[in-house]
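Text of protein-v2.json, listed as JSON, C-alpha atoms:
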[["chain", "number", "residue", "atom", "x", "y", "z"],
["A", 1181, "LEU", "CA", -9.23, 67.66, 18.39],
["A", 1182, "PHE", "CA", -6.02, 65.90, 17.36],
["A", 1183, "GLY", "CA", -3.89, 68.72, 18.78],
["A", 1184, "LYS", "CA", -5.96, 68.87, 21.97],
["A", 1185, "ILE", "CA", -5.27, 65.20, 22.71],
["A", 1186, "PHE", "CA", -1.50, 65.64, 22.75],
["A", 1187, "ILE", "CA", -1.22, 69.30, 23.82],
["A", 1188, "ASN", "CA", -2.98, 70.45, 27.00],
["A", 1189, "ASP", "CA", -2.25, 74.13, 26.51],
["A", 1190, "ASP", "CA", -5.30, 76.04, 25.29],
["A", 1191, "ARG", "CA", -3.41, 79.32, 25.05],
["A", 1192, "PHE", "CA", -0.77, 77.72, 22.81],
["A", 1193, "LEU", "CA", -3.44, 76.17, 20.57],
["A", 1194, "ALA", "CA", -5.26, 79.52, 20.30],
["A", 1195, "ILE", "CA", -2.04, 81.33, 19.39],
["A", 1196, "LEU", "CA", -1.25, 78.58, 16.90],
["A", 1197, "GLY", "CA", -4.66, 79.14, 15.33],
["A", 1198, "VAL", "CA", -3.82, 82.81, 14.79],
["A", 1199, "ILE", "CA", -0.36, 82.04, 13.41],
["A", 1200, "SER", "CA", -1.67, 79.37, 11.05],
["A", 1201, "SER", "CA", -4.30, 81.85, 9.79],
["A", 1202, "ALA", "CA", -1.47, 84.27, 9.02],
["A", 1203, "PHE", "CA", 0.23, 81.49, 7.04],
["A", 1204, "ASN", "CA", -3.03, 81.01, 5.15],
["A", 1205, "ALA", "CA", -3.19, 84.72, 4.30],
["A", 1206, "ALA", "CA", 0.49, 84.93, 3.32],
["A", 1207, "GLY", "CA", 0.14, 81.73, 1.33],
["A", 1208, "ARG", "CA", -2.49, 83.28, -0.89],
["A", 1209, "VAL", "CA", -0.03, 86.00, -1.91],
["A", 1210, "PHE", "CA", 2.79, 83.47, -2.26],
["A", 1211, "TRP", "CA", 0.82, 81.04, -4.43],
["A", 1212, "GLY", "CA", -0.73, 83.90, -6.40],
["A", 1213, "THR", "CA", 2.74, 85.19, -7.25],
["A", 1214, "ILE", "CA", 3.79, 81.75, -8.43],
["A", 1215, "GLY", "CA", 0.53, 81.37, -10.37],
["A", 1216, "ASP", "CA", 1.26, 84.60, -12.25],
["A", 1217, "ARG", "CA", 4.50, 83.10, -13.55],
["A", 1218, "VAL", "CA", 3.65, 79.45, -14.27],
["A", 1219, "SER", "CA", 0.62, 77.30, -14.99],
["A", 1220, "PHE", "CA", -1.51, 76.08, -12.10],
["A", 1221, "LYS", "CA", -0.84, 72.41, -12.90],
["A", 1222, "ILE", "CA", 2.65, 71.89, -11.47],
["A", 1223, "PRO", "CA", 2.18, 73.97, -8.29],
["A", 1224, "LEU", "CA", -1.16, 72.26, -7.62],
["A", 1225, "CYS", "CA", 0.44, 68.82, -8.00],
["A", 1226, "ILE", "CA", 3.21, 69.87, -5.61],
["A", 1227, "ILE", "CA", 0.62, 71.18, -3.15],
["A", 1228, "PHE", "CA", -1.34, 67.92, -3.18],
["A", 1229, "LEU", "CA", 1.81, 65.83, -2.82],
["A", 1230, "CYS", "CA", 3.06, 67.91, 0.13],
["A", 1231, "TRP", "CA", -0.43, 67.92, 1.67],
["A", 1232, "SER", "CA", -0.58, 64.11, 1.49],
["A", 1233, "LEU", "CA", 2.89, 63.80, 3.05],
["A", 1234, "LEU", "CA", 1.96, 66.11, 5.92],
["A", 1235, "LEU", "CA", -1.33, 64.29, 6.52],
["A", 1236, "THR", "CA", 0.37, 60.88, 6.43],
["A", 1237, "SER", "CA", 2.98, 61.93, 8.98],
["A", 1238, "LEU", "CA", 0.61, 63.90, 11.25],
["A", 1239, "PRO", "CA", -0.46, 60.91, 13.39],
["A", 1240, "HIS", "CA", 3.21, 60.13, 14.02],
["A", 1241, "LEU", "CA", 4.14, 63.55, 15.40],
["A", 1242, "PRO", "CA", 4.15, 62.39, 19.04],
["A", 1243, "VAL", "CA", 6.72, 59.73, 18.11],
["A", 1244, "ILE", "CA", 8.77, 62.02, 15.84],
["A", 1245, "PHE", "CA", 8.92, 65.03, 18.16],
["A", 1246, "GLY", "CA", 8.35, 63.48, 21.59],
["A", 1247, "THR", "CA", 8.39, 66.23, 24.20],
["A", 1248, "GLN", "CA", 8.71, 68.87, 21.47],
["A", 1249, "ILE", "CA", 5.25, 68.03, 20.12],
["A", 1250, "LYS", "CA", 4.23, 71.69, 20.28],
["A", 1251, "VAL", "CA", 6.95, 72.65, 17.81],
["A", 1252, "GLY", "CA", 6.16, 69.79, 15.46],
["A", 1253, "PHE", "CA", 2.41, 70.31, 15.57],
["A", 1254, "GLY", "CA", 2.89, 74.04, 14.97],
["A", 1255, "VAL", "CA", 5.11, 73.50, 11.94],
["A", 1256, "TRP", "CA", 2.75, 70.87, 10.50],
["A", 1257, "LEU", "CA", -0.36, 72.98, 11.06],
["A", 1258, "CYS", "CA", 1.19, 76.09, 9.52],
["A", 1259, "GLY", "CA", 2.34, 73.98, 6.58],
["A", 1260, "LEU", "CA", -1.16, 72.60, 6.08],
["A", 1261, "TYR", "CA", -2.68, 76.09, 6.14],
["A", 1262, "LEU", "CA", -0.02, 77.39, 3.74],
["A", 1263, "LEU", "CA", -0.85, 74.57, 1.34],
["A", 1264, "ILE", "CA", -4.64, 74.88, 1.54],
["A", 1265, "SER", "CA", -4.33, 78.52, 0.56],
["A", 1266, "GLY", "CA", -2.69, 77.37, -2.67],
["A", 1267, "VAL", "CA", -5.62, 75.11, -3.47],
["A", 1268, "LEU", "CA", -7.98, 78.04, -2.97],
["A", 1269, "VAL", "CA", -5.82, 80.26, -5.19],
["A", 1270, "TYR", "CA", -5.51, 77.81, -8.10],
["A", 1271, "THR", "CA", -9.02, 76.34, -8.11],
["A", 1272, "PRO", "CA", -10.68, 79.31, -9.89],
["A", 1273, "THR", "CA", -7.98, 79.31, -12.58],
["A", 1274, "ALA", "CA", -8.23, 75.56, -13.02],
["A", 1275, "THR", "CA", -12.03, 75.76, -13.22],
["A", 1276, "GLU", "CA", -11.90, 78.45, -15.90],
["A", 1277, "THR", "CA", -9.24, 76.57, -17.88],
["A", 1278, "LEU", "CA", -11.04, 73.22, -17.73],
["A", 1279, "PHE", "CA", -14.65, 74.36, -18.19],
["A", 1280, "GLY", "CA", -14.23, 77.66, -20.04],
["A", 1281, "PRO", "CA", -15.23, 81.21, -19.13],
["A", 1282, "ILE", "CA", -18.96, 80.70, -19.79],
["A", 1283, "ASN", "CA", -20.79, 80.15, -16.49],
["A", 1284, "MET", "CA", -17.49, 80.36, -14.65],
["A", 1285, "ALA", "CA", -19.07, 81.46, -11.37],
["A", 1286, "VAL", "CA", -21.55, 78.58, -11.37],
["A", 1287, "ASN", "CA", -18.88, 76.07, -12.34],
["A", 1288, "TYR", "CA", -16.55, 77.32, -9.62],
["A", 1289, "GLY", "CA", -19.36, 77.13, -7.08],
["A", 1290, "LEU", "CA", -19.95, 73.50, -8.02],
["A", 1291, "VAL", "CA", -16.23, 72.68, -7.84],
["A", 1292, "PHE", "CA", -15.94, 74.47, -4.49],
["A", 1293, "ASN", "CA", -18.72, 72.25, -3.14],
["A", 1294, "ALA", "CA", -16.23, 69.38, -3.31],
["A", 1295, "PHE", "CA", -14.95, 70.65, 0.07],
["A", 1296, "VAL", "CA", -18.43, 70.17, 1.52],
["A", 1297, "PHE", "CA", -18.93, 66.71, 0.07],
["A", 1298, "GLY", "CA", -15.40, 65.63, 0.99],
["A", 1299, "GLY", "CA", -15.92, 66.69, 4.59],
["A", 1300, "LEU", "CA", -19.27, 64.91, 4.79],
["A", 1301, "PHE", "CA", -17.81, 61.79, 3.17],
["A", 1302, "VAL", "CA", -14.93, 61.52, 5.65],
["A", 1303, "SER", "CA", -17.25, 62.28, 8.57],
["A", 1304, "LEU", "CA", -19.65, 59.54, 7.55],
["A", 1305, "LEU", "CA", -16.82, 57.07, 7.06],
["A", 1306, "SER", "CA", -15.50, 57.84, 10.52],
["A", 1307, "ILE", "CA", -18.92, 56.99, 11.96],
["A", 1308, "ILE", "CA", -19.85, 53.96, 9.85],
["A", 1309, "ILE", "CA", -16.59, 52.05, 9.33],
["A", 1310, "PRO", "CA", -14.81, 50.92, 12.53],
["A", 1311, "GLN", "CA", -11.34, 51.13, 10.95],
["A", 1312, "PHE", "CA", -11.80, 54.87, 10.56],
["A", 1313, "HIS", "CA", -12.46, 55.45, 14.26],
["A", 1314, "GLU", "CA", -8.69, 55.87, 14.66],
["A", 1315, "TRP", "CA", -7.00, 59.16, 13.79],
["A", 1316, "ASP", "CA", -4.25, 57.66, 11.68],
["A", 1317, "ASN", "CA", -6.63, 55.86, 9.30],
["A", 1318, "LEU", "CA", -8.60, 59.06, 8.71],
["A", 1319, "PHE", "CA", -5.39, 60.95, 7.93],
["A", 1320, "TYR", "CA", -4.26, 58.17, 5.57],
["A", 1321, "LEU", "CA", -7.62, 58.23, 3.80],
["A", 1322, "CYS", "CA", -7.47, 62.00, 3.30],
["A", 1323, "ALA", "CA", -3.85, 61.76, 2.13],
["A", 1324, "SER", "CA", -4.79, 59.13, -0.45],
["A", 1325, "MET", "CA", -7.60, 61.38, -1.70],
["A", 1326, "CYS", "CA", -5.01, 64.11, -2.33],
["A", 1327, "ILE", "CA", -3.01, 61.76, -4.53],
["A", 1328, "LEU", "CA", -6.07, 60.74, -6.54]]

This structure in structure tokens:
Amino acid sequence: LFGKIFINDDRFLAILGVISSAFNAAGRVFWGTIGDRVSFKIPLCIIFLCWSLLLTSLPHLPVIFGTQIKVGFGVWLCGLYLLISGVLVYTPTATETLFGPINMAVNYGLVFNAFVFGGLFVSLLSIIIPQFHEWDNLFYLCASMCIL
């Protein structure tokens, strides 16, 4: 919805959805290659830091890019999809390292449910608390959750 408010080009947004999905797919290979060489801890910290920076700056894209909002939104969206693929690559390794190999599938399933609860939490906040009716406050909240 955020992109639809500032960009009235459905074809562009659909193409951007395809391109960002390609970044997600390529990101899994990219982050997997890095994960084969180093521990998951440093790349995951970098991912969360970059994710929070992108989320914090996302509401300001119309000011930053002005008439070139399509370019800025495209770069930001592809960056977000590239980063989320890293989270999905490193989460199984982190789960196994932190909780051990016994019941790994169950533990990973429980950890993966954090996406569900996080989405529900932010959705409820956006309904209940008036300050979160604005886009920028929701993005700031999600960015702060990445840092925690």

Residue nearest Lys1221 in chain A - candidates A:Leu1257, A:Asn1287, A:Asp1190, A:Leu1278, atoms counted: only C-alpha atoms: A:Leu1278

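Shortest atom-to-atom contact with Trp1315 in chain A among A:Met1284, A:Val1267, A:Leu1235, A:Ala1194: A:Leu1235, counting only C-alpha atoms.
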
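Computed from the coordinates, the CA of Gly1207 in chain A to CA of Pro1239 in chain A distance equals 24.1 Å.
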
Atom-to-atom span, CA of Asn1283 in chain A and CA of Tyr1270 in chain A, Å: 17.6 Å

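The interatomic distance for the pair CA of Leu1193 in chain A and CA of Leu1241 in chain A works out to 15.6 Å.
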
Shell of 9 Å around range 1296-1312 of chain A, all atoms listed in the file, local chain residues under 6 positions omitted, as number ranges by chain: A: 1318, 1321-1322

Hey, can you spit out that residue selection with C-alpha atoms as a JSON list (two decimals), keeping the file's coordinate frame?
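Okay, again-v9.json is ready:
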[["chain", "number", "residue", "atom", "x", "y", "z"],
["A", 1318, "LEU", "CA", -8.60, 59.06, 8.71],
["A", 1321, "LEU", "CA", -7.62, 58.23, 3.80],
["A", 1322, "CYS", "CA", -7.47, 62.00, 3.30]]
